[in-house]
Amino acid sequence: MSHADSRLIVALDLPTTDAAWALVESIGDTANFYKIGLQLFPMGGMELCRKIKATGKQVFLDFKLHDIPATVEKATRSITTGGADLLTIHAEPAVMRAAVAGREGSNLKLLGVTVMTCYDDAMLAEMGYAYGARDLVLRRVEQSLEAGVDGIVASAHEAKEIRERFGDELLIVTPGIRPAGADVGDQKRVATPASALADGASHLVVGRPINAAPDPEAAAAAIVSEIASV
C-alpha cells in the first residue's frame with residue numbers, strides 16, 4: 001500500500017468539481033493534500049474544499065487574492081470558514097497585511113505568490129518590471145516575512161537561495177514540478193520532485209503529471225516513492 005506524503009500537493013486543475021472529486025477518490029490514500037485553483041472556484045470550489053476536508057485530507061486554495069486591502073481582508077475572513085490549510089495571495093505588502101488580518105483566529109496559513117513559474121526574465125521585462133525573476137522573488141520573500149505570512153510560492157530555481165537566506169521556518173511551496181522526462185508544458189522554471197525538495201522546497205505542487213496520467217494513483221505513487229528518501 002502506498003503511504004501519502006504531505007509534501008506532495010496534487011493540483012485539481014480539472015473542468016468540474018465532479019471530475020476533481022473523482023480524481024481524489026481514484027488516488028485514495030496515496031495523497032492527502034490537494035490544490036483547488038481559480039478554475040474550480042466559481043464552480044463550487046469552496047464546497048469541494050469542505051468535502052475534501054471532511055475526509056481528513058488537507059486543502060490548498062490557490063486563489064491568488066489581489067484587490068484593495070479591505071476586500072482582501074474580507075475575502076480571507078470568508079475563506080477561513082471552509083477549513084482550508086493554505087491560501088495564496090499576491091506578495092504585495094498591503095495585500096499580505098490585509099490577508100493576515102483576515103485570517104485572525106483561524107488555522108489558515110498564508111502564502112505570498114512571488115513570481116509565477118510561467119514567467120521568465122524576458123516576460124517580466126515585457127511587463128515593465130525592473131527586476132529579473134531571481135531578484136524580484138528575493139525582494140518579495142523579504143516583504144512576505146515583514147507582512148507576517150507563513151511562506152511563499154516560488155520555483156525550485158529560487159528555493160535553495162531562499163532557504164539559505166531566510167531559514168528553515170518559512171514554507172516554500174513549489175509549482176512547476178515535472179518528473180524526469182515529462183513534458184514541461186507552459187512552465188519556464190521547472191524541476192524534478194527530488195531536486196526541488198533537496199534545494200529547500202517544503203511542498204511540491206504537481207498537476208498534469210498526475211491529473212492527466214492514465215493511472216493517477218500510480219503516477220502519484222511514483223512521485224511519493226521518488227521523494228521518500230529526501
# chains A, B, ... in the order shown; residues from 1 in each chain; ligands from 1
>>> residues_around(residues="Val113 of chain A", least_positions_apart="4", cutoff="8 Å", atoms="only C-alpha atoms", output="list of chain:residue names")
A:Lys64, A:Thr88, A:Ile89, A:His90, A:Ala91, A:Ile152, A:Val153, A:Ala154
>>> write_last_selection(atoms="all heavy atoms", output="PDB file, in the first residue's frame")
ATOM      1  N   LYS A  64      -4.866  33.164  -5.190  1.00  0.00           N
ATOM      2  CA  LYS A  64      -4.025  34.315  -5.524  1.00  0.00           C
ATOM      3  C   LYS A  64      -4.788  35.635  -5.351  1.00  0.00           C
ATOM      4  O   LYS A  64      -4.893  36.443  -6.272  1.00  0.00           O
ATOM      5  CB  LYS A  64      -3.479  34.193  -6.951  1.00  0.00           C
ATOM      6  CG  LYS A  64      -2.606  32.967  -7.193  1.00  0.00           C
ATOM      7  CD  LYS A  64      -2.048  32.962  -8.608  1.00  0.00           C
ATOM      8  CE  LYS A  64      -1.158  31.758  -8.845  1.00  0.00           C
ATOM      9  NZ  LYS A  64      -1.923  30.505  -8.968  1.00  0.00           N
ATOM     10  N   THR A  88      -3.248  31.259  -1.090  1.00  0.00           N
ATOM     11  CA  THR A  88      -2.300  32.175  -1.723  1.00  0.00           C
ATOM     12  C   THR A  88      -2.881  33.572  -1.874  1.00  0.00           C
ATOM     13  O   THR A  88      -4.065  33.758  -2.165  1.00  0.00           O
ATOM     14  CB  THR A  88      -1.880  31.691  -3.125  1.00  0.00           C
ATOM     15  OG1 THR A  88      -3.042  31.314  -3.877  1.00  0.00           O
ATOM     16  CG2 THR A  88      -0.911  30.542  -3.042  1.00  0.00           C
ATOM     17  N   ILE A  89      -2.003  34.554  -1.678  1.00  0.00           N
ATOM     18  CA  ILE A  89      -2.290  35.947  -2.013  1.00  0.00           C
ATOM     19  C   ILE A  89      -1.071  36.479  -2.757  1.00  0.00           C
ATOM     20  O   ILE A  89       0.035  35.944  -2.609  1.00  0.00           O
ATOM     21  CB  ILE A  89      -2.594  36.819  -0.774  1.00  0.00           C
ATOM     22  CG1 ILE A  89      -1.388  36.978   0.142  1.00  0.00           C
ATOM     23  CG2 ILE A  89      -3.823  36.346  -0.059  1.00  0.00           C
ATOM     24  CD1 ILE A  89      -1.189  35.926   1.193  1.00  0.00           C
ATOM     25  N   HIS A  90      -1.256  37.495  -3.561  1.00  0.00           N
ATOM     26  CA  HIS A  90      -0.103  38.072  -4.247  1.00  0.00           C
ATOM     27  C   HIS A  90       0.804  38.752  -3.229  1.00  0.00           C
ATOM     28  O   HIS A  90       0.340  39.379  -2.276  1.00  0.00           O
ATOM     29  CB  HIS A  90      -0.553  39.053  -5.326  1.00  0.00           C
ATOM     30  CG  HIS A  90      -0.861  38.368  -6.620  1.00  0.00           C
ATOM     31  ND1 HIS A  90       0.106  38.068  -7.549  1.00  0.00           N
ATOM     32  CD2 HIS A  90      -2.028  37.897  -7.123  1.00  0.00           C
ATOM     33  CE1 HIS A  90      -0.449  37.449  -8.585  1.00  0.00           C
ATOM     34  NE2 HIS A  90      -1.738  37.325  -8.346  1.00  0.00           N
ATOM     35  N   ALA A  91       2.103  38.609  -3.427  1.00  0.00           N
ATOM     36  CA  ALA A  91       3.091  39.069  -2.451  1.00  0.00           C
ATOM     37  C   ALA A  91       3.348  40.565  -2.588  1.00  0.00           C
ATOM     38  O   ALA A  91       4.482  41.005  -2.803  1.00  0.00           O
ATOM     39  CB  ALA A  91       4.383  38.277  -2.592  1.00  0.00           C
ATOM     40  N   ILE A 152       5.899  31.251   1.078  1.00  0.00           N
ATOM     41  CA  ILE A 152       5.820  31.834  -0.258  1.00  0.00           C
ATOM     42  C   ILE A 152       5.665  30.725  -1.290  1.00  0.00           C
ATOM     43  O   ILE A 152       5.913  29.549  -1.016  1.00  0.00           O
ATOM     44  CB  ILE A 152       7.055  32.704  -0.580  1.00  0.00           C
ATOM     45  CG1 ILE A 152       8.379  31.952  -0.290  1.00  0.00           C
ATOM     46  CG2 ILE A 152       7.039  33.980   0.253  1.00  0.00           C
ATOM     47  CD1 ILE A 152       8.927  31.201  -1.455  1.00  0.00           C
ATOM     48  N   VAL A 153       5.238  31.131  -2.465  1.00  0.00           N
ATOM     49  CA  VAL A 153       5.240  30.251  -3.628  1.00  0.00           C
ATOM     50  C   VAL A 153       6.367  30.727  -4.536  1.00  0.00           C
ATOM     51  O   VAL A 153       6.416  31.904  -4.902  1.00  0.00           O
ATOM     52  CB  VAL A 153       3.895  30.298  -4.383  1.00  0.00           C
ATOM     53  CG1 VAL A 153       3.951  29.406  -5.628  1.00  0.00           C
ATOM     54  CG2 VAL A 153       2.753  29.879  -3.473  1.00  0.00           C
ATOM     55  N   ALA A 154       7.265  29.826  -4.856  1.00  0.00           N
ATOM     56  CA  ALA A 154       8.394  30.170  -5.716  1.00  0.00           C
ATOM     57  C   ALA A 154       8.849  28.924  -6.441  1.00  0.00           C
ATOM     58  O   ALA A 154       8.582  27.800  -5.994  1.00  0.00           O
ATOM     59  CB  ALA A 154       9.555  30.751  -4.900  1.00  0.00           C
TER      60      ALA A 154
END
>>> select_by_dssp(residues="segment 107-146 of chain A", states="alpha helix (DSSP H)", output="count of residues only")
21
>>> select_by_dssp(residues="segment 15-201 of chain A", states="strand (DSSP E)", output="PyMOL selection string")
chain A and resi 33-37+58-65+86-90+109-113+151-153+171-174
>>> write_last_selection(atoms="N, CA and C atoms", output="compact mmCIF listing (two decimals), in the first residue's frame")
# COMPACT_ATOMS: atom_id res chain seq x y z
N PHE A 33 -3.11 15.70 0.22
CA PHE A 33 -3.09 17.17 0.13
C PHE A 33 -3.47 17.54 -1.30
N TYR A 34 -4.45 18.43 -1.45
CA TYR A 34 -4.96 18.78 -2.77
C TYR A 34 -5.07 20.29 -2.94
N LYS A 35 -4.80 20.74 -4.16
CA LYS A 35 -4.89 22.15 -4.50
C LYS A 35 -6.15 22.41 -5.32
N ILE A 36 -6.91 23.41 -4.89
CA ILE A 36 -8.07 23.89 -5.65
C ILE A 36 -7.74 25.29 -6.13
N GLY A 37 -7.80 25.50 -7.44
CA GLY A 37 -7.44 26.79 -8.01
C GLY A 37 -8.64 27.55 -8.55
N GLN A 58 -5.94 17.41 3.49
CA GLN A 58 -5.62 18.83 3.54
C GLN A 58 -5.93 19.50 2.20
N VAL A 59 -6.19 20.82 2.28
CA VAL A 59 -6.55 21.57 1.08
C VAL A 59 -5.75 22.87 1.00
N PHE A 60 -5.24 23.12 -0.19
CA PHE A 60 -4.53 24.35 -0.54
C PHE A 60 -5.41 25.10 -1.53
N LEU A 61 -5.90 26.28 -1.12
CA LEU A 61 -6.70 27.11 -2.01
C LEU A 61 -5.77 28.10 -2.72
N ASP A 62 -5.56 27.84 -3.98
CA ASP A 62 -4.65 28.68 -4.78
C ASP A 62 -5.47 29.74 -5.51
N PHE A 63 -5.97 30.71 -4.74
CA PHE A 63 -6.85 31.73 -5.30
C PHE A 63 -6.10 33.01 -5.66
N LYS A 64 -4.87 33.16 -5.19
CA LYS A 64 -4.03 34.31 -5.52
C LYS A 64 -4.79 35.63 -5.35
N LEU A 65 -5.28 35.87 -4.16
CA LEU A 65 -6.06 37.08 -3.91
C LEU A 65 -5.24 38.33 -4.21
N LEU A 86 -4.07 26.07 3.44
CA LEU A 86 -3.21 27.06 2.80
C LEU A 86 -4.03 27.93 1.85
N LEU A 87 -3.64 29.21 1.74
CA LEU A 87 -4.26 30.14 0.80
C LEU A 87 -3.18 31.03 0.22
N THR A 88 -3.25 31.26 -1.09
CA THR A 88 -2.30 32.18 -1.72
C THR A 88 -2.88 33.57 -1.87
N ILE A 89 -2.00 34.55 -1.68
CA ILE A 89 -2.29 35.95 -2.01
C ILE A 89 -1.07 36.48 -2.76
N HIS A 90 -1.26 37.50 -3.56
CA HIS A 90 -0.10 38.07 -4.25
C HIS A 90 0.80 38.75 -3.23
N LYS A 109 -3.01 29.08 6.90
CA LYS A 109 -1.67 29.59 6.63
C LYS A 109 -1.67 30.30 5.28
N LEU A 110 -0.91 31.37 5.20
CA LEU A 110 -0.90 32.22 4.02
C LEU A 110 0.43 32.11 3.27
N LEU A 111 0.32 32.09 1.95
CA LEU A 111 1.49 32.01 1.07
C LEU A 111 1.49 33.21 0.13
N GLY A 112 2.59 33.94 0.12
CA GLY A 112 2.73 35.03 -0.84
C GLY A 112 3.23 34.50 -2.17
N VAL A 113 2.54 34.85 -3.25
CA VAL A 113 2.97 34.44 -4.59
C VAL A 113 4.04 35.43 -5.05
N GLY A 151 4.63 31.70 4.43
CA GLY A 151 5.52 31.16 3.42
C GLY A 151 5.29 31.83 2.09
N ILE A 152 5.90 31.25 1.08
CA ILE A 152 5.82 31.83 -0.26
C ILE A 152 5.66 30.72 -1.29
N VAL A 153 5.24 31.13 -2.47
CA VAL A 153 5.24 30.25 -3.63
C VAL A 153 6.37 30.73 -4.54
N LEU A 171 7.64 28.34 4.87
CA LEU A 171 7.11 27.38 3.91
C LEU A 171 7.50 27.83 2.50
N ILE A 172 7.99 26.91 1.71
CA ILE A 172 8.30 27.19 0.31
C ILE A 172 7.53 26.18 -0.53
N VAL A 173 6.46 26.63 -1.14
CA VAL A 173 5.60 25.77 -1.96
C VAL A 173 5.99 25.98 -3.42
N THR A 174 6.33 24.88 -4.05
CA THR A 174 6.95 24.94 -5.38
C THR A 174 6.09 24.29 -6.45
>>> residues_around(residues="Leu136 of chain A", least_positions_apart="4", cutoff="12 Å", atoms="only C-alpha atoms", output="PyMOL selection string")
chain A and resi 91-92+113-116+119-121+124-125+129-132+140-143+154+158+162
>>> write_last_selection(atoms="N, CA, C and O atoms", output="mmCIF file, in the first residue's frame")
data_model
loop_
_atom_site.group_PDB
_atom_site.id
_atom_site.type_symbol
_atom_site.label_atom_id
_atom_site.label_comp_id
_atom_site.auth_asym_id
_atom_site.auth_seq_id
_atom_site.Cartn_x
_atom_site.Cartn_y
_atom_site.Cartn_z
ATOM 1 N N ALA A 91 2.103 38.609 -3.427
ATOM 2 C CA ALA A 91 3.091 39.069 -2.451
ATOM 3 C C ALA A 91 3.348 40.565 -2.588
ATOM 4 O O ALA A 91 4.482 41.005 -2.803
ATOM 5 N N GLU A 92 2.300 41.333 -2.431
ATOM 6 C CA GLU A 92 2.407 42.784 -2.338
ATOM 7 C C GLU A 92 2.114 43.156 -0.894
ATOM 8 O O GLU A 92 1.176 42.621 -0.281
ATOM 9 N N VAL A 113 2.543 34.845 -3.251
ATOM 10 C CA VAL A 113 2.969 34.444 -4.591
ATOM 11 C C VAL A 113 4.041 35.428 -5.052
ATOM 12 O O VAL A 113 3.766 36.614 -5.226
ATOM 13 N N THR A 114 5.243 34.943 -5.239
ATOM 14 C CA THR A 114 6.346 35.823 -5.606
ATOM 15 C C THR A 114 6.332 36.094 -7.115
ATOM 16 O O THR A 114 5.830 37.126 -7.550
ATOM 17 N N VAL A 115 6.863 35.183 -7.890
ATOM 18 C CA VAL A 115 6.834 35.295 -9.359
ATOM 19 C C VAL A 115 6.340 33.962 -9.899
ATOM 20 O O VAL A 115 6.939 32.922 -9.619
ATOM 21 N N MET A 116 5.270 33.973 -10.649
ATOM 22 C CA MET A 116 4.710 32.723 -11.149
ATOM 23 C C MET A 116 5.701 31.993 -12.055
ATOM 24 O O MET A 116 6.465 32.620 -12.792
ATOM 25 N N TYR A 119 6.604 32.677 -15.731
ATOM 26 C CA TYR A 119 7.310 33.902 -16.108
ATOM 27 C C TYR A 119 8.812 33.682 -16.096
ATOM 28 O O TYR A 119 9.351 33.025 -15.197
ATOM 29 N N ASP A 120 9.494 34.251 -17.081
ATOM 30 C CA ASP A 120 10.944 34.297 -17.069
ATOM 31 C C ASP A 120 11.371 35.761 -17.147
ATOM 32 O O ASP A 120 10.530 36.664 -17.153
ATOM 33 N N ASP A 121 12.678 36.012 -17.208
ATOM 34 C CA ASP A 121 13.160 37.397 -17.189
ATOM 35 C C ASP A 121 12.614 38.214 -18.352
ATOM 36 O O ASP A 121 12.259 39.391 -18.188
ATOM 37 N N LEU A 124 9.038 39.237 -17.671
ATOM 38 C CA LEU A 124 8.969 40.279 -16.643
ATOM 39 C C LEU A 124 9.372 41.635 -17.205
ATOM 40 O O LEU A 124 8.766 42.664 -16.884
ATOM 41 N N ALA A 125 10.392 41.648 -18.063
ATOM 42 C CA ALA A 125 10.800 42.897 -18.703
ATOM 43 C C ALA A 125 9.683 43.441 -19.585
ATOM 44 O O ALA A 125 9.412 44.652 -19.600
ATOM 45 N N TYR A 129 8.727 45.239 -15.357
ATOM 46 C CA TYR A 129 9.475 45.097 -14.114
ATOM 47 C C TYR A 129 10.948 45.418 -14.337
ATOM 48 O O TYR A 129 11.547 45.035 -15.332
ATOM 49 N N ALA A 130 11.551 46.111 -13.368
ATOM 50 C CA ALA A 130 12.970 46.412 -13.429
ATOM 51 C C ALA A 130 13.810 45.240 -12.940
ATOM 52 O O ALA A 130 15.003 45.158 -13.223
ATOM 53 N N TYR A 131 13.185 44.328 -12.178
ATOM 54 C CA TYR A 131 13.878 43.165 -11.629
ATOM 55 C C TYR A 131 13.753 41.968 -12.567
ATOM 56 O O TYR A 131 12.734 41.793 -13.235
ATOM 57 N N GLY A 132 14.792 41.125 -12.572
ATOM 58 C CA GLY A 132 14.667 39.800 -13.154
ATOM 59 C C GLY A 132 13.965 38.895 -12.164
ATOM 60 O O GLY A 132 13.681 39.288 -11.017
ATOM 61 N N ARG A 140 10.402 39.948 -2.797
ATOM 62 C CA ARG A 140 9.060 39.618 -2.325
ATOM 63 C C ARG A 140 9.089 38.656 -1.137
ATOM 64 O O ARG A 140 8.170 38.664 -0.320
ATOM 65 N N VAL A 141 10.106 37.833 -1.045
ATOM 66 C CA VAL A 141 10.239 37.000 0.152
ATOM 67 C C VAL A 141 10.454 37.895 1.372
ATOM 68 O O VAL A 141 9.843 37.702 2.425
ATOM 69 N N GLU A 142 11.322 38.883 1.254
ATOM 70 C CA GLU A 142 11.552 39.817 2.352
ATOM 71 C C GLU A 142 10.250 40.498 2.763
ATOM 72 O O GLU A 142 9.938 40.614 3.957
ATOM 73 N N GLN A 143 9.484 40.941 1.783
ATOM 74 C CA GLN A 143 8.225 41.616 2.076
ATOM 75 C C GLN A 143 7.209 40.663 2.704
ATOM 76 O O GLN A 143 6.422 41.067 3.566
ATOM 77 N N ALA A 154 7.265 29.826 -4.856
ATOM 78 C CA ALA A 154 8.394 30.170 -5.716
ATOM 79 C C ALA A 154 8.849 28.924 -6.441
ATOM 80 O O ALA A 154 8.582 27.800 -5.994
ATOM 81 N N GLU A 158 14.633 29.079 -7.305
ATOM 82 C CA GLU A 158 14.952 30.060 -6.267
ATOM 83 C C GLU A 158 14.956 29.454 -4.865
ATOM 84 O O GLU A 158 15.399 30.082 -3.908
ATOM 85 N N ILE A 162 16.587 30.944 -1.286
ATOM 86 C CA ILE A 162 15.604 31.420 -0.303
ATOM 87 C C ILE A 162 15.811 30.711 1.029
ATOM 88 O O ILE A 162 15.833 31.345 2.093
#
>>> residues_around(residues="Ala75 of chain A", least_positions_apart="5", cutoff="12 Å", atoms="only C-alpha atoms", output="JSON list (two decimals) with C-alpha atoms, in the first residue's frame")
[["chain", "number", "residue", "atom", "x", "y", "z"],
["A", 63, "PHE", "CA", -6.85, 31.73, -5.30],
["A", 64, "LYS", "CA", -4.03, 34.31, -5.52],
["A", 65, "LEU", "CA", -6.06, 37.08, -3.91],
["A", 66, "HIS", "CA", -5.23, 40.54, -5.24],
["A", 67, "ASP", "CA", -7.50, 43.51, -4.62],
["A", 68, "ILE", "CA", -7.75, 46.56, -2.37],
["A", 69, "PRO", "CA", -6.79, 45.68, 1.22],
["A", 70, "ALA", "CA", -10.32, 45.92, 2.64],
["A", 80, "THR", "CA", -11.46, 30.70, 6.67],
["A", 81, "THR", "CA", -14.95, 29.21, 7.09],
["A", 82, "GLY", "CA", -14.04, 26.43, 4.64],
["A", 87, "LEU", "CA", -4.26, 30.14, 0.80],
["A", 88, "THR", "CA", -2.30, 32.18, -1.72],
["A", 89, "ILE", "CA", -2.29, 35.95, -2.01],
["A", 95, "VAL", "CA", -2.36, 42.71, 0.17],
["A", 98, "ALA", "CA", -4.80, 42.54, 4.81],
["A", 99, "ALA", "CA", -4.87, 38.76, 4.47],
["A", 100, "VAL", "CA", -3.03, 38.36, 7.77],
["A", 101, "ALA", "CA", -5.72, 40.48, 9.44],
["A", 102, "GLY", "CA", -8.48, 38.48, 7.75],
["A", 103, "ARG", "CA", -7.22, 35.07, 8.85]]
>>> atom_distance(atom1="atom CA of Ser155 of chain A", atom2="atom CA of Ala191 of chain A")
8.1 Å
>>> closest_residue(among="A:Arg139, A:Lys57, A:Lys51, A:Arg134", to="Pro93 of chain A", atoms="only C-alpha atoms")
A:Arg139
>>> atom_distance(atom1="atom CA of Lys53 of chain A", atom2="atom CA of Ala228 of chain A")
24.4 Å
>>> residues_around(residues="Leu40 of chain A", least_positions_apart="5", cutoff="8 Å", atoms="only C-alpha atoms", output="NGL selection string")
:A and (13-17 or 45)
>>> atom_distance(atom1="atom CA of Gly200 of chain A", atom2="atom CA of Arg163 of chain A")
5.7 Å
>>> residues_around(residues="Glu161 of chain A", least_positions_apart="3", cutoff="9 Å", atoms="only C-alpha atoms", output="PyMOL selection string")
chain A and resi 138+157-158+164-166+199-200
>>> residues_around(residues="Ala222 of chain A", least_positions_apart="3", cutoff="12 Å", atoms="only C-alpha atoms", output="number ranges by chain")
A: 2-5, 8, 27, 30-31, 178-180, 193-194, 209-210, 213, 215-219, 225-228
>>> write_last_selection(atoms="N, CA, C and O atoms", output="CSV table (one decimal), in the first residue's frame")
chain,number,residue,atom,x,y,z
A,2,SER,N,0.5,2.2,-0.8
A,2,SER,CA,1.2,3.5,-0.8
A,2,SER,C,0.9,4.3,0.4
A,2,SER,O,-0.3,4.3,0.9
A,3,HIS,N,1.9,5.0,0.9
A,3,HIS,CA,1.7,5.9,2.1
A,3,HIS,C,1.8,7.3,1.6
A,3,HIS,O,2.8,7.7,1.0
A,4,ALA,N,0.8,8.1,1.9
A,4,ALA,CA,0.8,9.5,1.5
A,4,ALA,C,1.9,10.3,2.1
A,4,ALA,O,2.4,10.0,3.2
A,5,ASP,N,2.4,11.3,1.4
A,5,ASP,CA,3.5,12.2,1.9
A,5,ASP,C,2.9,13.6,1.8
A,5,ASP,O,2.6,14.1,0.6
A,8,LEU,N,3.6,16.4,-0.9
A,8,LEU,CA,3.1,16.3,-2.3
A,8,LEU,C,1.7,16.9,-2.2
A,8,LEU,O,0.8,16.4,-1.5
A,27,ILE,N,-7.2,8.4,-6.4
A,27,ILE,CA,-5.9,8.4,-5.8
A,27,ILE,C,-5.9,7.8,-4.4
A,27,ILE,O,-4.9,7.2,-4.0
A,30,THR,N,-3.0,7.4,-1.4
A,30,THR,CA,-1.7,7.7,-1.9
A,30,THR,C,-1.3,9.2,-1.8
A,30,THR,O,-0.2,9.6,-1.8
A,31,ALA,N,-2.3,10.1,-1.7
A,31,ALA,CA,-2.1,11.5,-1.5
A,31,ALA,C,-3.1,12.0,-0.5
A,31,ALA,O,-4.2,11.5,-0.4
A,178,ARG,N,8.0,18.6,-12.5
A,178,ARG,CA,7.9,17.6,-13.5
A,178,ARG,C,8.8,16.5,-13.3
A,178,ARG,O,10.0,16.7,-13.2
A,179,PRO,N,8.3,15.2,-13.2
A,179,PRO,CA,9.2,14.1,-13.1
A,179,PRO,C,10.1,14.1,-14.3
A,179,PRO,O,9.8,14.6,-15.4
A,180,ALA,N,11.3,13.4,-14.2
A,180,ALA,CA,12.3,13.4,-15.3
A,180,ALA,C,11.6,12.8,-16.5
A,180,ALA,O,10.9,11.8,-16.5
A,193,PRO,N,10.8,16.3,-8.7
A,193,PRO,CA,10.4,16.3,-7.3
A,193,PRO,C,11.5,16.3,-6.3
A,193,PRO,O,11.6,17.0,-5.3
A,194,ALA,N,12.4,15.3,-6.5
A,194,ALA,CA,13.5,15.1,-5.6
A,194,ALA,C,14.5,16.3,-5.5
A,194,ALA,O,14.9,16.7,-4.4
A,209,PRO,N,1.3,15.9,-14.5
A,209,PRO,CA,1.9,14.6,-14.4
A,209,PRO,C,1.0,13.6,-13.7
A,209,PRO,O,1.2,12.4,-13.8
A,210,ILE,N,0.1,14.1,-12.8
A,210,ILE,CA,-0.8,13.2,-12.1
A,210,ILE,C,-2.2,13.3,-12.6
A,210,ILE,O,-2.8,12.2,-13.0
A,213,ALA,N,-2.6,11.8,-16.1
A,213,ALA,CA,-2.0,10.5,-16.3
A,213,ALA,C,-3.1,9.4,-16.5
A,213,ALA,O,-4.2,9.5,-16.0
A,215,ASP,N,-3.2,6.5,-15.2
A,215,ASP,CA,-3.4,6.0,-13.9
A,215,ASP,C,-2.9,7.0,-12.9
A,215,ASP,O,-1.7,6.9,-12.4
A,216,PRO,N,-3.7,7.9,-12.4
A,216,PRO,CA,-3.3,9.0,-11.5
A,216,PRO,C,-2.7,8.4,-10.2
A,216,PRO,O,-1.8,9.0,-9.7
A,217,GLU,N,-3.3,7.3,-9.7
A,217,GLU,CA,-2.8,6.8,-8.4
A,217,GLU,C,-1.4,6.3,-8.6
A,217,GLU,O,-0.6,6.5,-7.7
A,218,ALA,N,-1.1,5.6,-9.7
A,218,ALA,CA,0.2,5.1,-9.9
A,218,ALA,C,1.2,6.2,-10.1
A,218,ALA,O,2.3,6.2,-9.6
A,219,ALA,N,0.8,7.3,-10.8
A,219,ALA,CA,1.6,8.5,-11.0
A,219,ALA,C,1.9,9.1,-9.7
A,219,ALA,O,3.1,9.5,-9.4
A,225,SER,N,7.2,7.8,-4.0
A,225,SER,CA,8.4,6.9,-3.9
A,225,SER,C,9.7,7.7,-4.2
A,225,SER,O,10.7,7.5,-3.5
A,226,GLU,N,9.7,8.6,-5.2
A,226,GLU,CA,10.8,9.4,-5.5
A,226,GLU,C,11.3,10.3,-4.4
A,226,GLU,O,12.5,10.5,-4.1
A,227,ILE,N,10.3,10.9,-3.7
A,227,ILE,CA,10.7,11.8,-2.6
A,227,ILE,C,10.8,11.2,-1.2
A,227,ILE,O,11.2,11.9,-0.3
A,228,ALA,N,10.6,9.9,-1.1
A,228,ALA,CA,10.6,9.3,0.2
A,228,ALA,C,12.0,9.4,0.9
A,228,ALA,O,12.1,9.5,2.1
>>> closest_residue(among="A:Ala220, A:Val230, A:Ala54, A:Ala84", to="Asp29 of chain A", atoms="only C-alpha atoms")
A:Ala220
